[in-house]
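Asks: Next comes entry37.txt, compact mmCIF, C-alpha atoms and all ligand atoms:
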```txt
# COMPACT_ATOMS: atom_id res chain seq x y z
CA MET V 1 0.00 0.00 0.00
CA ILE V 2 1.29 3.44 -0.90
CA GLY V 3 0.25 6.45 1.16
CA ILE V 4 -0.71 9.84 -0.19
CA VAL V 5 2.86 11.17 0.01
CA ASP V 6 4.27 8.44 -2.22
CA TRP V 7 1.33 8.81 -4.55
CA ALA V 8 1.77 12.58 -4.73
CA ARG V 9 5.52 12.20 -5.28
CA ASP V 10 5.10 9.70 -8.15
CA LEU V 11 2.39 11.79 -9.72
CA LEU V 12 4.41 15.01 -9.49
CA ILE V 13 7.56 13.37 -10.88
CA SER V 14 5.56 11.86 -13.74
CA ARG V 15 4.41 15.39 -14.62
CA GLY V 16 7.88 16.87 -14.62
CA ALA V 17 8.33 18.18 -11.08
CA LEU V 18 11.58 17.96 -9.13
CA VAL V 19 10.75 16.33 -5.85
CA GLU V 20 12.81 16.33 -2.70
CA ALA V 21 12.17 13.61 -0.19
CA GLU V 22 11.70 14.97 3.30
CA GLU V 23 10.87 13.13 6.50
CA ALA V 24 8.03 10.62 6.38
CA GLY V 25 4.67 12.18 5.56
CA ALA V 26 6.13 15.25 3.85
CA LEU V 27 7.57 16.33 0.53
CA ARG V 28 8.87 19.44 -1.18
CA ALA V 29 8.75 19.93 -4.94
CA MET V 30 9.73 22.43 -7.58
CA LEU V 31 6.96 22.65 -10.15
CA PRO V 32 7.00 23.57 -13.84
CA ALA V 33 4.81 26.65 -14.38
CA GLU V 34 1.77 24.85 -15.83
CA LEU V 35 1.83 22.30 -13.04
CA GLY V 36 1.92 25.06 -10.46
CA ALA V 37 -1.06 26.68 -12.15
CA ALA V 38 -3.03 23.42 -12.23
CA LEU V 39 -2.39 22.90 -8.52
CA GLU V 40 -2.94 26.56 -7.57
CA SER V 41 0.49 26.57 -6.02
CA GLY V 42 3.64 28.61 -6.51
CA GLU V 43 6.87 27.32 -7.95
CA TRP V 44 7.66 25.58 -4.68
CA LEU V 45 5.21 23.15 -3.21
CA SER V 46 5.60 21.89 0.29
CA LEU V 47 3.19 19.29 1.63
CA ARG V 48 2.87 17.66 4.99
CA PHE V 49 0.16 15.13 5.76
CA GLY V 50 -0.95 13.37 8.88
CA ALA V 51 -1.83 14.46 12.38
CA GLY V 52 -0.22 17.49 13.97
CA ALA V 53 -0.36 21.23 13.62
CA GLY V 54 0.10 22.74 10.20
CA SER V 55 -0.61 19.58 8.20
CA ASP V 56 -2.22 19.84 4.82
CA ASP V 57 -5.74 18.61 4.24
CA GLU V 58 -5.54 15.22 2.50
CA ASN V 59 -8.98 15.58 0.94
CA GLU V 60 -8.24 18.93 -0.54
CA TRP V 61 -4.95 17.71 -1.97
CA LEU V 62 -6.52 14.55 -3.33
CA ASP V 63 -8.83 16.78 -5.36
CA ARG V 64 -6.07 19.10 -6.50
CA LEU V 65 -3.62 16.34 -7.38
CA GLY V 66 -6.46 14.45 -9.03
CA ARG V 67 -6.54 17.19 -11.69
CA LEU V 68 -3.18 15.91 -12.88
CA LEU V 69 -4.53 12.44 -13.58
CA PRO V 70 -5.50 11.68 -17.15
CA ALA V 71 -9.21 11.26 -17.79
CA ASP V 72 -8.61 7.79 -19.16
CA ALA V 73 -6.03 5.40 -17.83
CA ARG V 74 -2.89 5.50 -19.89
CA VAL V 75 -0.87 2.48 -20.88
CA VAL V 76 2.83 3.11 -20.66
CA SER V 77 5.25 0.67 -22.25
CA ALA V 78 8.68 0.22 -20.76
CA ARG V 79 11.62 -2.12 -20.82
CA LEU V 80 14.83 -2.56 -18.88
CA ARG V 81 17.59 -0.21 -19.93
CA ARG V 82 20.14 -3.01 -19.91
CA PRO V 83 19.38 -6.65 -20.65
CA THR V 84 20.10 -8.81 -17.65
CA LEU V 85 20.86 -12.44 -17.38
CA VAL V 86 18.84 -14.55 -14.98
CA PRO V 87 21.10 -17.26 -13.58
CA PRO V 88 19.83 -20.85 -13.66
CA VAL V 89 17.83 -21.98 -10.66
CA ASP V 90 17.07 -25.30 -9.01
CA ALA V 91 13.95 -25.82 -11.13
CA ALA V 92 12.53 -28.80 -9.24
CA GLY V 93 13.03 -27.07 -5.89
CA ALA V 94 11.47 -23.87 -7.21
CA LEU V 95 8.37 -25.76 -8.39
CA ASP V 96 8.13 -27.70 -5.14
CA ARG V 97 8.03 -24.59 -3.01
CA GLY V 98 6.38 -22.30 -5.51
CA LEU V 99 3.47 -24.48 -6.59
CA ALA V 100 2.70 -26.41 -3.41
CA LEU V 101 0.92 -28.88 -5.69
CA GLN V 102 -1.74 -30.77 -3.70
CA ASN V 103 -3.13 -33.50 -5.92
CA GLY V 104 -0.80 -34.43 -8.73
CA ILE V 105 2.82 -34.67 -9.77
CA TYR V 106 5.04 -32.71 -12.09
CA ARG V 107 8.18 -33.37 -14.05
CA VAL V 108 10.53 -30.58 -15.04
CA MET V 109 11.23 -30.69 -18.77
CA GLU V 110 13.67 -27.81 -19.17
CA ASP V 111 14.45 -24.33 -17.92
CA TYR V 112 15.92 -21.39 -19.79
CA GLN V 113 15.99 -17.60 -19.90
CA GLN V 114 12.86 -15.94 -21.22
CA THR V 115 11.26 -12.51 -21.49
CA ALA V 116 7.81 -12.12 -19.96
CA ARG V 117 5.12 -9.49 -20.48
CA TYR V 118 4.15 -7.90 -17.17
CA TYR V 119 1.31 -5.49 -16.53
CA PHE V 120 1.18 -3.30 -13.45
CA PHE V 121 -2.32 -1.96 -12.89
CA GLY V 122 -2.56 0.97 -10.50
CA PHE V 123 -5.87 1.59 -8.75
CA HIS V 124 -6.60 4.72 -6.76
CA TYR V 125 -8.83 4.14 -3.82
CA THR V 126 -10.66 6.38 -1.40
CA ILE V 127 -12.14 4.97 1.77
CA GLU V 128 -14.38 7.48 3.46
CA SER V 129 -16.05 7.32 6.82
CA ASP V 130 -15.72 10.13 9.37
CA GLU V 131 -12.16 10.39 8.09
CA THR V 132 -10.76 9.72 4.63
CA SER V 133 -8.01 7.37 3.65
CA LEU V 134 -6.60 7.19 0.17
CA GLY V 135 -3.79 5.70 -1.80
CA VAL V 136 -2.86 3.42 -4.63
CA VAL V 137 -2.92 -0.34 -4.79
CA THR V 138 -1.01 -2.07 -7.56
CA VAL V 139 -1.86 -5.43 -9.07
CA CYS V 140 0.72 -7.14 -11.25
CA LEU V 141 -0.05 -9.86 -13.76
CA ASN V 142 2.45 -11.84 -15.79
CA ALA V 143 0.58 -12.41 -19.06
CA SER V 144 3.18 -14.79 -20.47
CA ALA V 145 3.07 -17.23 -17.55
CA ARG V 146 -0.55 -16.40 -16.64
CA ALA V 147 0.54 -15.69 -13.10
CA LEU V 148 -0.48 -13.30 -10.40
CA VAL V 149 2.65 -11.64 -9.08
CA ALA V 150 3.10 -11.41 -5.32
CA GLN V 151 4.30 -8.12 -3.77
CA PRO V 152 3.72 -6.02 -6.90
CA GLU V 153 4.80 -2.78 -5.24
CA PHE V 154 8.08 -4.36 -4.18
CA VAL V 155 8.77 -5.62 -7.72
CA LEU V 156 7.89 -2.22 -9.18
CA LYS V 157 10.24 -0.47 -6.80
CA ALA V 158 13.01 -2.95 -7.61
CA ILE V 159 12.86 -2.28 -11.37
CA LYS V 160 11.72 1.34 -11.47
CA ASP V 161 15.12 2.98 -11.78
CA ASP V 162 16.24 0.61 -14.55
CA LEU V 163 13.29 1.26 -16.84
CA GLU V 164 13.21 3.21 -20.07
CA GLU V 165 10.42 3.85 -22.50
CA ASP V 166 9.94 0.97 -24.91
CA PRO V 167 10.86 2.19 -28.42
CA GLN V 168 8.59 -0.44 -29.96
CA PRO V 169 5.61 -0.53 -27.68
CA ALA V 170 3.42 -3.44 -28.62
CA VAL V 171 0.68 -3.79 -26.09
CA PRO V 172 -1.88 -6.27 -27.34
CA ARG V 173 -5.20 -4.56 -26.64
CA ASP V 174 -7.13 -7.81 -26.40
CA GLU V 175 -4.68 -9.07 -23.80
CA LEU V 176 -5.16 -5.89 -21.80
CA ALA V 177 -8.92 -6.23 -22.10
CA GLU V 178 -8.72 -9.78 -20.77
CA LEU V 179 -6.41 -8.83 -17.90
CA PHE V 180 -8.12 -5.66 -16.70
CA PRO V 181 -11.14 -7.36 -15.06
CA MET V 182 -8.78 -9.83 -13.40
CA ALA V 183 -6.69 -6.99 -12.03
CA LEU V 184 -9.81 -5.24 -10.76
CA ARG V 185 -10.90 -8.45 -9.05
CA GLY V 186 -7.41 -8.84 -7.65
CA VAL V 187 -7.42 -5.39 -6.09
CA GLN V 188 -10.64 -5.94 -4.12
CA PRO V 189 -9.28 -8.19 -1.35
CA GLU V 190 -6.42 -5.77 -0.73
CA ILE V 191 -8.76 -2.79 -0.49
CA ARG V 192 -11.17 -4.78 1.68
CA ARG V 193 -8.24 -5.55 3.96
CA LEU V 194 -7.37 -1.84 4.19
CA ALA V 195 -11.03 -0.97 4.71
CA ALA V 196 -11.38 -3.55 7.49
CA GLY V 197 -8.87 -1.70 9.67
CA ILE V 198 -10.60 1.63 9.04
CA GLU V 199 -14.00 0.07 9.66
CA GLN V 200 -12.84 -1.34 12.97
CA SER V 201 -11.70 2.00 14.27
CA ALA V 202 -14.81 3.73 12.87
CA ASN V 203 -16.93 1.13 14.67
CA ARG V 204 -15.10 1.85 17.90
CA ARG V 205 -15.85 5.55 17.58
CA LEU V 206 -19.44 4.77 16.59
CA ALA V 207 -19.90 2.62 19.70
CA ARG V 208 -18.43 5.36 21.91
CA ASP V 209 -20.64 8.09 20.42
CA THR V 210 -23.72 5.85 20.49
CA GLU V 211 -23.19 5.20 24.16
CA ARG V 212 -22.82 8.89 24.85
CA ILE V 213 -26.02 9.79 23.00
CA ASP V 214 -27.85 6.88 24.54
CA SER V 215 -27.01 7.91 28.08
CA TYR V 216 -27.88 11.55 27.38
CA TYR V 217 -31.38 10.60 26.18
CA LYS V 218 -31.80 8.06 28.92
CA ASP V 219 -31.33 10.85 31.45
CA LEU V 220 -33.82 13.07 29.63
CA LEU V 221 -36.41 10.32 29.44
CA SER V 222 -36.00 9.37 33.07
CA GLN V 223 -36.57 12.98 34.11
CA ILE V 224 -39.75 13.08 32.04
CA GLY V 225 -40.77 9.74 33.60
CA LYS V 226 -40.26 11.13 37.09
CA ARG V 227 -42.40 14.15 36.36
CA MET V 228 -45.18 11.95 34.98
CA ALA V 229 -45.07 9.76 38.06
CA ARG V 230 -45.93 12.71 40.27
CA ARG V 231 -49.45 12.28 41.60
CA ALA V 232 -50.47 15.87 41.44
CA LEU V 233 -49.94 16.10 37.68
CA GLY V 234 -53.10 17.20 35.88
CA ALA V 235 -54.36 15.58 32.68
CA GLU V 236 -53.15 18.42 30.47
CA ALA V 237 -49.66 18.46 32.00
CA ALA V 238 -49.44 14.66 31.73
CA GLU V 239 -50.31 14.84 28.04
CA LYS V 240 -47.60 17.45 27.56
CA GLU V 241 -45.01 15.21 29.18
CA ARG V 242 -46.10 12.27 27.05
CA SER V 243 -45.66 14.19 23.84
CA ARG V 244 -42.34 15.48 25.13
CA ALA V 245 -41.24 11.89 25.71
CA ALA V 246 -42.34 10.87 22.21
CA ALA V 247 -40.45 13.79 20.65
CA THR V 248 -37.36 12.88 22.67
CA GLN V 249 -37.53 9.29 21.40
CA LEU V 250 -37.75 10.51 17.81
CA ASP V 251 -34.88 12.89 18.35
CA ARG V 252 -32.77 10.10 19.81
CA ALA V 253 -33.49 7.81 16.83
CA ALA V 254 -32.56 10.56 14.37
CA LYS V 255 -29.29 11.28 16.21
CA LEU V 256 -28.34 7.60 16.20
CA GLU V 257 -29.16 7.34 12.52
CA ASP V 258 -26.92 10.35 11.82
CA LEU V 259 -24.09 8.64 13.66
CA VAL V 260 -24.40 5.46 11.61
CA ARG V 261 -24.35 7.57 8.47
CA LYS V 262 -21.33 9.49 9.67
CA TYR V 263 -19.29 6.38 10.37
CA SER V 264 -20.44 4.22 7.47
CA LEU V 265 -17.76 3.32 4.95
CA LYS V 266 -17.78 4.48 1.35
CA ILE V 267 -15.19 2.94 -0.91
CA ARG V 268 -14.28 4.25 -4.33
CA ILE V 269 -11.84 2.54 -6.66
CA GLN V 270 -10.62 4.23 -9.79
CA PRO V 271 -8.35 2.66 -12.38
CA GLY V 272 -5.08 4.52 -12.85
CA ASP V 273 -2.24 4.06 -15.29
CA VAL V 274 -1.09 0.70 -16.58
CA LEU V 275 2.58 -0.05 -16.96
CA ALA V 276 3.39 -2.73 -19.52
CA VAL V 277 6.93 -3.96 -19.19
CA ARG V 278 8.98 -6.83 -20.55
CA LEU V 279 11.20 -8.43 -17.94
CA PRO V 280 13.68 -11.30 -17.97
CA VAL V 281 12.68 -14.42 -16.08
CA ARG V 282 13.78 -18.01 -15.78
CA GLU V 283 11.13 -20.09 -17.53
CA ILE V 284 10.57 -23.62 -16.29
CA SER V 285 8.58 -25.84 -18.55
CA ALA V 286 7.02 -28.84 -16.80
CA ARG V 287 4.58 -31.66 -17.35
CA LEU V 288 1.79 -31.83 -14.77
CA VAL V 289 0.02 -35.12 -14.28
CA ARG V 290 -3.35 -35.65 -12.57
CA LYS V 291 -4.68 -39.22 -12.69
CA LYS V 292 -4.89 -40.03 -16.41
CA ALA V 293 -4.74 -36.46 -17.62
CA GLU V 294 -1.68 -34.32 -18.15
CA ARG V 295 -0.71 -30.89 -19.33
CA VAL V 296 2.48 -29.08 -20.23
CA ALA V 297 2.82 -25.64 -18.67
CA LYS V 298 5.37 -22.88 -18.32
CA PHE V 299 6.16 -21.28 -14.98
CA HIS V 300 8.27 -18.23 -14.30
CA TRP V 301 10.85 -17.81 -11.63
CA ASN V 302 11.01 -14.10 -10.88
CA PRO V 303 14.58 -12.95 -10.10
CA LYS V 304 13.37 -9.82 -8.27
CA LEU V 305 11.22 -11.87 -5.93
CA GLY V 306 13.64 -14.78 -5.86
CA ALA V 307 10.60 -17.01 -6.14
CA LEU V 308 8.31 -18.81 -8.53
CA GLU V 309 5.14 -16.92 -9.49
CA SER V 310 1.89 -18.68 -8.66
CA PRO V 311 -0.34 -19.35 -11.64
CA TRP V 312 -3.73 -17.69 -11.34
CA CYS V 313 -6.73 -19.90 -10.70
CA GLU V 314 -8.51 -20.71 -13.94
CA GLY V 315 -11.80 -20.71 -12.04
CA CYS V 316 -11.69 -17.35 -10.24
CA SER V 317 -8.31 -15.78 -11.17
CA ALA V 318 -7.13 -15.46 -7.57
CA ALA V 319 -3.69 -16.91 -6.81
CA ALA V 320 -3.81 -20.70 -7.09
CA HIS V 321 -1.49 -21.34 -4.19
CA PRO V 322 -1.52 -24.07 -2.97
CA LEU V 323 -2.25 -25.48 -6.41
CA PHE V 324 -4.99 -28.02 -7.15
CA LEU V 325 -5.48 -29.71 -10.52
CA CYS V 326 -8.78 -30.68 -12.09
CA ASP V 327 -9.25 -34.34 -13.02
CA GLU V 328 -10.47 -33.82 -16.57
CA ARG V 329 -8.38 -31.10 -18.14
CA VAL V 330 -5.74 -30.40 -15.49
CA HIS V 331 -7.01 -26.85 -14.91
CA PHE V 332 -5.09 -24.84 -12.32
CA LEU V 333 -7.36 -24.21 -9.36
CA CYS V 334 -7.30 -22.49 -6.00
CA ARG V 335 -8.56 -24.32 -2.95
CA SER V 336 -12.12 -23.01 -3.13
CA CYS V 337 -12.52 -23.64 -6.88
CA ALA V 338 -11.37 -27.24 -6.36
CA ALA V 339 -13.62 -27.81 -3.34
CA PRO V 340 -16.54 -30.22 -3.69
CA CYS V 341 -20.02 -28.79 -4.27
CA PRO V 342 -21.40 -27.75 -0.86
CA ALA V 343 -24.89 -28.96 -1.82
CA CYS V 344 -24.25 -32.47 -3.16
CA GLY V 345 -20.62 -33.14 -2.27
CA LYS V 346 -19.66 -34.00 -5.85
CA HIS V 347 -16.22 -32.97 -7.08
CA ILE V 348 -16.50 -30.27 -9.72
CA CYS V 349 -13.95 -28.02 -11.36
CA ARG V 350 -15.07 -24.37 -11.43
CA ALA V 351 -13.03 -23.82 -14.59
CA CYS V 352 -14.83 -26.66 -16.42
CA GLN V 353 -18.29 -25.63 -15.18
CA ALA V 354 -19.27 -22.49 -13.29
CA ARG V 355 -22.05 -24.24 -11.32
CA CYS V 356 -22.71 -27.79 -10.20
CA LYS V 357 -25.36 -29.68 -12.17
CA CYS V 358 -27.29 -30.34 -8.96
CA GLY V 359 -28.28 -26.66 -8.92
CA GLY V 360 -26.25 -25.95 -5.77
CA SER V 361 -23.24 -23.71 -6.17
ZN ZN I 401 -10.35 -20.15 -7.74
ZN ZN I 402 -23.76 -30.19 -6.49
ZN ZN I 403 -11.37 -28.31 -15.16
```
Take the structure in the file and give it back as structure tokens.

Replies:
Amino acid sequence: MIGIVDWARDLLISRGALVEAEEAGALRAMLPAELGAALESGEWLSLRFGAGAGSDDENEWLDRLGRLLPADARVVSARLRRPTLVPPVDAAGALDRGLALQNGIYRVMEDYQQTARYYFFGFHYTIESDETSLGVVTVCLNASARALVAQPEFVLKAIKDDLEEDPQPAVPRDELAELFPMALRGVQPEIRRLAAGIEQSANRRLARDTERIDSYYKDLLSQIGKRMARRALGAEAAEKERSRAAATQLDRAAKLEDLVRKYSLKIRIQPGDVLAVRLPVREISARLVRKKAERVAKFHWNPKLGALESPWCEGCSAAAHPLFLCDERVHFLCRSCAAPCPACGKHICRACQARCKCGGS
């Protein structure tokens, strides 16, 4: 997860600003004239976010910096400035650890250097409750090995300084169209994870405020109750107290409803730029055998991660790690797509058929 400072820095650099790193949560930048105008700032921009006196308003700067984003996501093609050699790896060991294959066997056929097409999809998110949290989550897919890359932000950081624009950008549009929904699906669990933390603390504040309002109205209502209990109260006065009690109840309900609204979570996800980059990998080609069926597949050992990339599940496109194989066509499956049907207990492959024939799920 990248915070607003990193996001602002990357965005400003990408638009031609000179950015100085300061202590955590702050940055200072020299802006080209048109950038300064777009941001309503002078030549020098100094930002500080977070708690404490004199910090800048994150919401306001999200809006201002947002003006620098292109209306449509751009696809930028890049490649490494210098070709690098990926040294041979222990292919069998890499598959053992990297696949965690649960119900079949594999045999390594060969391994060699290869170039893979990677796509880094950036998604801007805003999570709003009584406070706002925002940032960028990156999802990385290796289209050549059909793998979901772990720690995409780490990989991006590791290659960033060695990238140059690709002189022959060839981004297959149909490939991008196939990958985009997968990337969007891939970003949801990460954003849900971020939202869960925010929701927890919002719920804590909601509980605290609810208790406060509750006890305030309880006192009011008990005072009204006491007055009504007085013997000497005439019919007219009693009626007045009753309607006062009813109005107080309504007021209390409205206040509690306001609180729930105030602390409820709103999540927005917006696609950002896509970076398409060709990177060297060690390709391991292997034969996977499940009962009587088999399949030849290519896996990539990623030198930046020092690990094998997990293939994506052909049922749901989450990471298929540990890896399960389907009996019929040796599809790559995650645990839940390989699980038996919860209604009838029959083994089904979610890549072969989306739903079980029994009508269950
Ligand atoms: Zn799955
Ligand atoms: Zn079934
Ligand atoms: Zn299958």

Asks: Enumerate, in order of chain and increasing residue number, the residues of chain V with an atom no farther than 7 Å from ligand ZN 403 (chain I), each with its shortest atom pair and distance in Å to one decimal, counting only C-alpha atoms and all ligand atoms, as CSV.

Replies:
```
residue,atom,partner,partner_atom,distance
V:Cys326,CA,I:ZN403,ZN,4.7
V:Asp327,CA,I:ZN403,ZN,6.7
V:Glu328,CA,I:ZN403,ZN,5.8
V:Arg329,CA,I:ZN403,ZN,5.1
V:Val330,CA,I:ZN403,ZN,6.0
V:His331,CA,I:ZN403,ZN,4.6
V:Cys349,CA,I:ZN403,ZN,4.6
V:Arg350,CA,I:ZN403,ZN,6.6
V:Ala351,CA,I:ZN403,ZN,4.8
V:Cys352,CA,I:ZN403,ZN,4.0
```

Asks: All residues within 6 Å of ligand ZN 402 (chain I) are required, counting all atoms listed in the file; please report them as a VMD selection string.

Replies: chain V and resid 341 343 to 344 346 356 to 358 360

Asks: Can you work out which one of V:Gly225, V:Gly25, V:Gly93, V:Pro322 has the shortest atom-to-atom distance to ligand ZN 401 (chain I), counting all atoms listed in the file?

Replies: V:Pro322

Asks: Pick out the residues no farther than 9 Å from ligand ZN 401 (chain I), counting only C-alpha atoms and all ligand atoms, and list them as a ChimeraX atom specification.

Replies: /V:312-320,332-338,350-351

Asks: List every residue of range 243-359 of chain V that has an atom at most 12 Å from any atom of range 166-178 of chain V, giving for each one its closest atom pair and the distance in Å to one decimal, counting only C-alpha atoms, sorted by chain and then by ascending residue number, as a tab-separated table.

Replies:
```
residue	atom	partner	partner_atom	distance
V:Val274	CA	V:Leu176	CA	9.3
V:Leu275	CA	V:Val171	CA	10.0
V:Ala276	CA	V:Val171	CA	7.2
V:Val277	CA	V:Asp166	CA	8.1
V:Arg278	CA	V:Asp166	CA	9.0
V:Leu279	CA	V:Asp166	CA	11.8
V:Ser317	CA	V:Glu178	CA	11.3
```

Asks: Write the residues of the preceding selection, restricted to C-alpha atoms, as a PDB file, in the coordinates of the input.

Replies:
```pdb
ATOM      1  CA  VAL V 274      -1.090   0.700 -16.580  1.00  0.00           C
ATOM      2  CA  LEU V 275       2.580  -0.050 -16.960  1.00  0.00           C
ATOM      3  CA  ALA V 276       3.390  -2.730 -19.520  1.00  0.00           C
ATOM      4  CA  VAL V 277       6.930  -3.960 -19.190  1.00  0.00           C
ATOM      5  CA  ARG V 278       8.980  -6.830 -20.550  1.00  0.00           C
ATOM      6  CA  LEU V 279      11.200  -8.430 -17.940  1.00  0.00           C
ATOM      7  CA  SER V 317      -8.310 -15.780 -11.170  1.00  0.00           C
TER       8      SER V 317
END
```

Asks: In terms of the shortest atom-to-atom distance over only C-alpha atoms, which of V:Arg67, V:Lys160, V:Arg97, V:Arg146 is closest to Leu308 in chain V?

Replies: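 Among the listed residues, the smallest separation from Leu308 in chain V belongs to V:Arg97.
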
Asks: Just the residues within 8 Å of Met109 in chain V, please, counting all atoms listed in the file, with nothing from its chain fewer than 2 positions along; format it as a list in words.

Replies: Arg107, Asp111, Ile284, Ser285, Ala286 and Arg287 of chain V

Asks: Neighbours of Leu141 in chain V within 6 Å (all atoms listed in the file; same-chain residues fewer than 2 positions away dropped), as a PDB file with C-alpha atoms, in the frame of the given file?

Replies:
```pdb
ATOM      1  CA  TYR V 118       4.150  -7.900 -17.170  1.00  0.00           C
ATOM      2  CA  TYR V 119       1.310  -5.490 -16.530  1.00  0.00           C
ATOM      3  CA  ALA V 143       0.580 -12.410 -19.060  1.00  0.00           C
ATOM      4  CA  ALA V 147       0.540 -15.690 -13.100  1.00  0.00           C
ATOM      5  CA  LEU V 148      -0.480 -13.300 -10.400  1.00  0.00           C
ATOM      6  CA  VAL V 149       2.650 -11.640  -9.080  1.00  0.00           C
TER       7      VAL V 149
END
```

Asks: Between CA of Ala297 in chain V and CA of Gln113 in chain V, measure the distance and give it in Å to one decimal.

Replies: 15.5 Å

Asks: Please, can range 36-47 of chain V be completed to N, CA and C atoms and returned as a short mmCIF file (atom, residue, chain, number, x, y, z; two decimals), in the frame of the given file?

Replies:
```
data_model
loop_
_atom_site.label_atom_id
_atom_site.label_comp_id
_atom_site.auth_asym_id
_atom_site.auth_seq_id
_atom_site.Cartn_x
_atom_site.Cartn_y
_atom_site.Cartn_z
N GLY V 36 2.24 24.16 -11.56
CA GLY V 36 1.92 25.06 -10.46
C GLY V 36 0.55 25.68 -10.62
N ALA V 37 0.24 26.06 -11.88
CA ALA V 37 -1.06 26.68 -12.15
C ALA V 37 -2.18 25.67 -11.91
N ALA V 38 -1.99 24.44 -12.38
CA ALA V 38 -3.03 23.42 -12.23
C ALA V 38 -3.29 23.12 -10.76
N LEU V 39 -2.25 23.24 -9.94
CA LEU V 39 -2.39 22.90 -8.52
C LEU V 39 -2.67 24.12 -7.65
N GLU V 40 -2.76 25.29 -8.29
CA GLU V 40 -2.94 26.56 -7.57
C GLU V 40 -1.85 26.71 -6.52
N SER V 41 -0.62 26.48 -6.95
CA SER V 41 0.49 26.57 -6.02
C SER V 41 1.57 27.41 -6.68
N GLY V 42 2.53 27.87 -5.92
CA GLY V 42 3.64 28.61 -6.51
C GLY V 42 4.64 27.65 -7.12
N GLU V 43 5.84 28.15 -7.37
CA GLU V 43 6.87 27.32 -7.95
C GLU V 43 7.30 26.22 -6.98
N TRP V 44 7.29 26.57 -5.70
CA TRP V 44 7.66 25.58 -4.68
C TRP V 44 6.42 25.07 -3.98
N LEU V 45 6.34 23.76 -3.89
CA LEU V 45 5.21 23.15 -3.21
C LEU V 45 5.75 22.36 -2.03
N SER V 46 5.17 22.61 -0.89
CA SER V 46 5.60 21.89 0.29
C SER V 46 4.36 21.28 0.93
N LEU V 47 4.37 19.97 1.10
CA LEU V 47 3.19 19.29 1.63
C LEU V 47 3.56 18.48 2.86
#
```
